[in-house]
Structures are given as structure tokens and as C-alpha cells.
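S.K.: Here it is, the structure in full.
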Amino acid sequence: MKMKHLLLVLALAAAPLSYAQTSETAAVDTLSNVEQDLLADDSNFTFTESQLGENDDMTSDVIQINSNSNVYLNQMSWAWSGGIWFKYRALDNAYNDIYMNGVQVNNPENGRFTYSTIGGMNDAVRNKDDVGAFEGNNYSFSGLGGSTNYNLRASQMAAGHKVTLSGTNRNYTLRGMYSYGTGLSKAGWAFFGTIGYRWANMQTANVKGTFYNSLSAFMSVQKVINEKHSLNLAAWANPTERATAGASTDEANWLANDYQYNPYWGYQDGKKRASRVVTNVEPSFLATWDFDINENMKLTTSAFLKFAEYKTTKLNYNGTNPHPDYWKRFPSYNYNVWGDEDGKNYDNDAFWTSYENWQDEHYRQINFDELYFANTQLNKIGADAIYWIEARHNDHLMTNLSSSYDWNFGKGVKWSIGLQLLSNRGSHYQTMEDLLGGQYFHNTNTYLVGDYTQTAAEAMYDVNHGYQKIIEGDRFRYDYDLWNQDIKLWTGFTMDKDIMHSFITAKMGGRRMWREGFMRNGLFQDNSYGKSGKAHFMDGGMKMGSTLNLGNGHAVTAGVGYELKAPTASVAFMCPEMNNDFVQDLRNEKVVTAEVGYAISNKWIRMNLTGYYYYTHDGNEWQQYYNDDINSFSYNSLTGVKKEHYGVELGLRLKITSSLDLVALGTYSEAKYIDDTNVTWMSSTTGELQQEICHNKDMRASGTPLTATSLALNYRIKRWYLNLTGNYYDRIYLSYSTNMRYEQNMRNAGRYHSGEFDVPEQAKGNGGFMLNASIGRQFIVAHNPLSVNLQLCNLTNRRNITTGGYEQSRSNYSVTETVNSGTESTTQPRTYNFEKNAKKFYTQGFNFMLNLNYRF
């Protein structure tokens, strides 16, 4: 009997292999929507000047290694943009610093840059300066993942009109953009503006149950007052509404016969409806004053203001779980196909009933009609609704003032110094989006009902409002602000002397953080409402590097650095949804970095070979998830985190003929925890802190291939541009579950033997080969250029390459009884195996983008 079910699983696993070659169901890309839009820009279809190699005939004895001349850095985004999210050196986005006119625009609460800020305004963000981790620049102390400074001055934008029309089968279906720039007039004025729209509805979107609507607008006005002074004002916004898709287990994908199975939608009155909808708008304003003191000195001052409104909805419940991918709905819930129990917990009828149910699309999607029916019946007896759509809000009001001074005080010698003053208020709250036919429910912690009565103060999320009825539009469960204020002073010195180019840069600063709560939580009545204390941190760092030119286009590079990074507000509070407490033992993260490289550049070949090593310790991480061992949410703080990132990178560009060149890229990297980590966690139903050890040593960075290679041929002749690129990805790890590796949980799971823990291996995704191509042609129409470009990604229609995902945090056992001593638990194994059922995203199958733009 067991063999029959194992054969069924094998058959289910094989089904997508044939399906991948025939199904027309499109897939979701794990790149953010905005990043896809930027990567799909026509610069990807029409080769840039550097890609065309217009200056390759020049052989220089003195070469400077930077993101423009480094083949690997210059080509990796282009080569690996087709369906895989590739993280540079496996670093989180928080380690990449983004500037605009010299002012930093990363969200200080989590350190990340929100790409939706500039989505759909491609022509406005073309002018940028990219620098690597070990490069000097005149606007910052470069981040571990490098830095980018966008030049948004109107006089630097292309003059004239440009119309762009695009069709694609990616996250959106159609795109239209219009841009206009005046250039700098004789009167000293310059204007640039662009407007764009991207669209897909539920009938045309590439993933079932999703849609996409985004309007983008940008304008920049500059006045050159005289030869010394110039003022520029830029403003932009990108209101977006889009439905998101969820990751799924392989079993769900097998049963749905779709690698892009999306559980976040369903039918209501016969029409499709999404449960996870993101709405986001970030109006941003940037004023810049350029003061050219003399030909050797310049002062640049920029003021930045942004108000971001971000909302994401979610289906929630206080009854039977309504999600179609709930684990008890799967066939494997009724029989452990992975185990050796020989029929234990086997329910033949339930197994096959579940399998048959999954063949019906309505079963494997949300049944909104049933949810409405249940709530309307409860209305008749005056009871609380048990199903609803809630919205989490993460709004930010950010201001940043930056000023930098550059002085060229000698031949090849330059000194820069800068100051930044930043303030950010992050507003976090939850609202009732839709009661799904219900009238109301009460703002109480239902997980506590039983230990306390429903009307007890301890069970209330907001004691100040008592036993409060929640209707649509009301705030409930949590409402608080996180404040973050920074000051940073940096300086840099660069020198070109004979055959040596060197730089040294340093920074120092301070950070102040606090929380202000607007609800008095019942478990923390004296420590949740009002302002917390203030935490202060100093940070700083120093970095230096040199390029030694060996002559005939050969050079070697080296760089070292050390940083103290203050923790961000996103990881600084133990349980910000409930109280004002800071994380215990919160420290600065210490970072040691080093890099060495060799480069050659001549008429026929450019090559870069680089090795790097990053060591971080005293890092801080924070997680929140439902812990079914304790039947409540848990808030988990990991402190003293130790990691290593190291690897080798190769970029090679070989000119075969004047029209044909070959580009080869490769990286082999490692990014892992190098020691187990201390954990403090708190249950949302007790408010008590617990100490644990997480056995996460050797867990790898997730969501990116740690091994990637690329081989491309570029051909250009008589206004034709052709590219063929083959990529191979490997060692793709999924985000690991900390909960699965806590010592007590491994004991409960029977993973403690003879004084040692049997730590689960980290789940991995599938790598593989992907073939991409692009072709472009420029025509002259009415004396103006018309560019037609076509990008073809994943020509072999590989749908089983994993782009990301995560292990589930539920356990393979259920806790049935806790002994009075509190040190042991009685557990019972579950039939369903969570360790074998990680949730994954897969790459989109064959996809294309046709792009036309006309300049006049």
C-alpha cells in the first residue's frame, strides 16, 4: 500500500516536467515589480556605449578599476536579469547605498532602498554613478555592496521628446511612457519631465489571480543663476496597486500542475478576487544647490523629503483556516509518504478524496462565497465575524539634509568631506479593510481567551478603548511609530601618483531611536502606550584601497576596511507591536572587509579577476511568525550573529572581430553563518521572554544563486544589435527556519542523540541552465530615430529553476501536554512533514518584451 502512494508521488513529481514544455501558464518573477521594469529598459536591448566597445581601440597604461571598467560589475546585471534574482556577493539590499544628487535615500528603518520610488520613470534615472565597495567617490563612504548616486539635475537629461511603448508577458502586459526635456536654455533654465503607465488585469496577468496598475510621474526644474550657483528641484511619485502571488510547496504545484500555483486568490460571485493586494505611493521631493566656488572647489547641498504610504492586505480568520494551501488540505496530511511508518496514520479514503479535490480549481483557491455566508449567519445572532481582510500599513516620513565639499588641491589629488542629517518616522498600524459580509468583531487577543475572559483587560489590544467593536476602516491590534534620527560625517581622499591610484575614506556618526505607542496593550499596560526611552549608538569606519598599474594594461588592486554599523530600528525592538522594550544585548555590527584583484585591458581583451572576504559579527536579526508549539505568535531576536561572505568573481570580454565579441562571467561565492546564535523570544500570549540557542551554523544566504556563470555573444552591424546569452545557476538555498533549529524544538522532534543535535540540513532549490536572446534595430523615420527591441528570456522554457522561497516554521510534531516542571513536553509526531515541504518560487517560463521608442 505504501509503495502505491510513493509511486503516486513520483508520478505527481514527473507531471510538471512534461508540463513545463507545454503549458502556457505564465510564471512569476521573484524580482520586485519595479526592478523588473528597470531591467527591462531599452538599454537592455540597445547596447550601451560600453557594451558596444566604442573605445576598445585605446590601450591605456594606466587603468582604474571601477564599476564602469570592471567587466564583471558592468555586465552582471545585464547577464543575470532574465528571471533570477541575483544578489551581489549574496548581500542584502540594506548593504547597497543609494543616493540622489548626493543625498542618501535608503529607508533608515531597515536600511533598504525602495525601488518603487523610481519605477516606470526609466528616462529620469539613466544618469548615475556606480561605485564598488572599494572605490573612492565624492558623495559617500561606499557601502559593502557598493553605492549608486543618481543625477536628477534637469540640465543633465536628454533634450527632446521620447515616446516608448512596450508589450510583455511579465508582471505587467502593457507599458507606455512619454518624456520631454528642454536641455539648458540661454537664460539658464532646464526642464525635464516623464510620465508612464504599466498595466495588467486578472485576465492578462502572467500569474493567475494577479493584476498590476502603476502610474509614474517625474519632473525636474533647474535654474543656473550664474557660473557659480545653480538650483534644482525634482519631484516624483509612483502610485501603484498590484496583487501579489505566494510561494507554494512542491506538492501544491504538482497537484495544480502549475509551477506558478498562487493560493492568494479565489472566486466571489463567479469573479476573480485577490486577497493580497499592495498599494504604494511615495511622493518625493529633492532640492539641490550647486556652488562652484572656483575651478577646484565645489559645494553641493541637497534636501530630501519623502512621505511613503505602503499597505498590504491579507485574509485572516478566527475559525477554520480558509487558505486553500492549508497543510491539512493536502493528500500527504493523510499519509506520510516520506516516512517509514508502514501505514501508520494512513487514511486511504481521505488521501484520495483530497487528491481528487485538488483537481478542481475552485477547491485550490479561496472560496469567498463561503466566507461571506459564514459571516452573514453570525450577523443574525449578533456574533463577531470570523473572516476578514486586514491591511498592514508601513508609512514613512523621511527628511535628509546632505552637504558635501570637494577640493582638487593638486594634480591628481582630491579631498571630499560631507555631512548628513536624517530623521525618519515610521508609522505602523493595522486597519480593517473588509469584513466580508460581517458587521464587526472585537479588538481582543483571541489566543488569550481561556486564560482570561474575553472582556478582561489583559486580553485587549487597546485597554484605552476597552472592549472595542471594530468596523471597516478602524485601526486595531497595533498602532505605533518608530523614530530614527541619524547624523553622519564622512571624508575621502584620492590620489593619482605615477603608476598608483589610491584612496582612503572614513566615516563617523550617531543614531537615536525610540518607539511611541498609540494603543495600551493589555499584557503591557504600563509599557506600551506613549514614548519609550531613547537608545543611542555611535558608528563609524575606515576603508582604503590602491590600484597598481604594471604597464601594458595590467593592474593589481587591493583594499581593506573596518566598520561599526548601528542597528536599525527594524531589529532594535523586542516586540514593537506590543510594547516599548528594546532588544536585550543590542550592539553595533562589526564588519571586516578585504578585496584583491587583477585586471588586464587592451585592444582585444578586458578581464577582471577579484577575490573578496567579508566577516561580520555582533549582527542583529529579528523575526515574527506563528509558532504552533505554543499556539501563538512569537517575536524572535537573534543577537551576536556571525557571518562570512567570500568568493571569487571573473569577468572577461574578448573582441573577436570589430563586430563580434564574447563576454564570460562567473562567480563562486559563500555566504553563511559561522556560529550558532543566541536567541531571545517572546510569546504574544504570555509576554514572557525565553532564552534559546539557534543551531544555524553553516546556514547559507537565501534567494540568490551562490554559483553563477554566463557566456554571451554580442554582434552589431549596420544598426543591428544581437545578443545570445547562456546562464547557469547553482547552489540556491531557501530561507532557513530558525524555529526548526531551536534546541528545545529539536529535542521535541527527536533530533537530540548522545549529547549531540541532529541539525536539519537547509532546504535548497533547483538550479539550471537558461538561454536568453535579444535583437534590436534602429530605423530613421521622418529624420528621427525609431528603435525596435525584442528581448526573449528562457528560450528553452525552463520552469523548474527555483528563484527563492523559505522553510516552514511549523513543527513535525504537536505538543499535547506540558509537564508541571515546565522543562519537558509530551509530543506526538504529525503525518505531514513540514521539513520536506518548503515553500518555493520558480522562474517564469519563456517570456518576452517588445519595446519601441521614438525620439523627436
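Labeling convention for the C-alpha cells: chains A, B, ... as they appear, residues from 1 per chain, ligands from 1 in order of appearance.
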Counting only C-alpha atoms, what is within 7 Å of segment 576-588 of chain A, bar same-chain residues fewer than 3 positions away, as an mmCIF file with N, CA, C and O atoms, in the first residue's frame?
M.R.:
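Dumped to around-v5.cif:
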```
data_model
loop_
_atom_site.group_PDB
_atom_site.id
_atom_site.type_symbol
_atom_site.label_atom_id
_atom_site.label_comp_id
_atom_site.auth_asym_id
_atom_site.auth_seq_id
_atom_site.Cartn_x
_atom_site.Cartn_y
_atom_site.Cartn_z
ATOM 1 N N TYR A 478 -2.579 46.816 16.576
ATOM 2 C CA TYR A 478 -1.381 47.568 16.932
ATOM 3 C C TYR A 478 -1.378 48.892 16.189
ATOM 4 O O TYR A 478 -1.970 49.047 15.122
ATOM 5 N N ARG A 515 10.441 54.412 20.339
ATOM 6 C CA ARG A 515 9.103 53.977 19.911
ATOM 7 C C ARG A 515 8.061 54.826 20.618
ATOM 8 O O ARG A 515 8.225 55.193 21.777
ATOM 9 N N ASN A 521 -1.568 48.054 25.313
ATOM 10 C CA ASN A 521 -1.751 46.613 25.213
ATOM 11 C C ASN A 521 -2.048 46.014 26.585
ATOM 12 O O ASN A 521 -1.406 46.370 27.583
ATOM 13 N N PHE A 524 0.812 44.581 28.552
ATOM 14 C CA PHE A 524 1.873 45.542 28.881
ATOM 15 C C PHE A 524 1.247 46.923 29.098
ATOM 16 O O PHE A 524 1.564 47.886 28.409
ATOM 17 N N ASN A 527 3.710 49.700 29.685
ATOM 18 C CA ASN A 527 4.908 49.752 28.858
ATOM 19 C C ASN A 527 4.581 49.631 27.369
ATOM 20 O O ASN A 527 5.325 49.028 26.615
ATOM 21 N N SER A 528 3.474 50.195 26.963
ATOM 22 C CA SER A 528 3.104 50.104 25.546
ATOM 23 C C SER A 528 2.570 51.420 24.999
ATOM 24 O O SER A 528 2.776 51.729 23.818
ATOM 25 N N SER A 532 8.804 55.417 24.431
ATOM 26 C CA SER A 532 9.798 54.607 25.120
ATOM 27 C C SER A 532 10.987 55.487 25.480
ATOM 28 O O SER A 532 11.032 56.672 25.166
ATOM 29 N N LEU A 564 31.792 49.884 11.970
ATOM 30 C CA LEU A 564 30.821 49.663 13.038
ATOM 31 C C LEU A 564 29.488 50.171 12.517
ATOM 32 O O LEU A 564 29.342 51.352 12.208
ATOM 33 N N LYS A 565 28.500 49.271 12.398
ATOM 34 C CA LYS A 565 27.194 49.638 11.865
ATOM 35 C C LYS A 565 26.165 49.590 12.980
ATOM 36 O O LYS A 565 25.957 48.545 13.604
ATOM 37 N N ALA A 566 25.524 50.725 13.229
ATOM 38 C CA ALA A 566 24.493 50.787 14.264
ATOM 39 C C ALA A 566 23.289 49.944 13.847
ATOM 40 O O ALA A 566 22.944 49.882 12.665
ATOM 41 N N PRO A 567 22.618 49.281 14.797
ATOM 42 C CA PRO A 567 21.421 48.507 14.439
ATOM 43 C C PRO A 567 20.317 49.427 13.942
ATOM 44 O O PRO A 567 20.233 50.594 14.330
ATOM 45 N N ALA A 572 15.594 46.578 16.422
ATOM 46 C CA ALA A 572 16.012 47.083 17.729
ATOM 47 C C ALA A 572 14.992 46.842 18.838
ATOM 48 O O ALA A 572 15.351 46.923 20.018
ATOM 49 N N PHE A 573 13.732 46.548 18.483
ATOM 50 C CA PHE A 573 12.689 46.396 19.496
ATOM 51 C C PHE A 573 12.251 44.942 19.568
ATOM 52 O O PHE A 573 12.058 44.272 18.563
ATOM 53 N N ASP A 618 28.478 40.282 15.844
ATOM 54 C CA ASP A 618 27.581 41.102 16.658
ATOM 55 C C ASP A 618 26.445 41.674 15.808
ATOM 56 O O ASP A 618 25.940 42.769 16.070
ATOM 57 N N SER A 637 14.406 37.573 18.538
ATOM 58 C CA SER A 637 15.561 38.432 18.319
ATOM 59 C C SER A 637 16.825 37.594 18.377
ATOM 60 O O SER A 637 17.087 36.911 19.375
ATOM 61 N N THR A 639 20.828 37.814 18.362
ATOM 62 C CA THR A 639 21.912 38.769 18.601
ATOM 63 C C THR A 639 23.253 38.045 18.566
ATOM 64 O O THR A 639 23.338 36.830 18.743
#
```
S.K.: Could you write out, as a PyMOL selection string, all the residues of segment 417-576 of chain A that DSSP marks as strand (DSSP E)?
M.R.: chain A and resi 417-434+441-442+469-470+475-497+500-517+530-531+535-551+554-565
S.K.: Hey, what's within 6 Å of segment 716-733 of chain A if we count only C-alpha atoms and toss same-chain stuff fewer than 2 positions away? As a VMD selection string, please?
M.R.: chain A and resid 659 702 704 to 714 764 to 765 767 to 778
S.K.: Taking only C-alpha atoms into account, which of A:Ala838, A:Ala303, A:Met740, A:Ala599 comes nearest Arg810 of chain A?
M.R.: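 Checking each of A:Ala838, A:Ala303, A:Met740, A:Ala599 against Arg810 of chain A, counting only C-alpha atoms, the winner is A:Met740.
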S.K.: Hey, which of A:Ser275, A:Asp451, A:Phe503, A:Arg89 ends up closest to Thr685 of chain A? Count only C-alpha atoms.
M.R.: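 Among the listed residues, the smallest separation from Thr685 of chain A belongs to A:Asp451.
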S.K.: Return the single residue from A:Val679, A:Ala256, A:Met544, A:Ala247 that is closest to Tyr806 of chain A, with distances computed using only C-alpha atoms.
M.R.: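 Among the listed residues, the smallest separation from Tyr806 of chain A belongs to A:Ala247.
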S.K.: Rank A:Ile118, A:Leu315, A:Met297, A:Leu421 by their smallest atom-to-atom distance to Thr240 of chain A, using only C-alpha atoms, and report the top residue only.
M.R.: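 Ranked by minimum distance to Thr240 of chain A, first place goes to A:Ile118.
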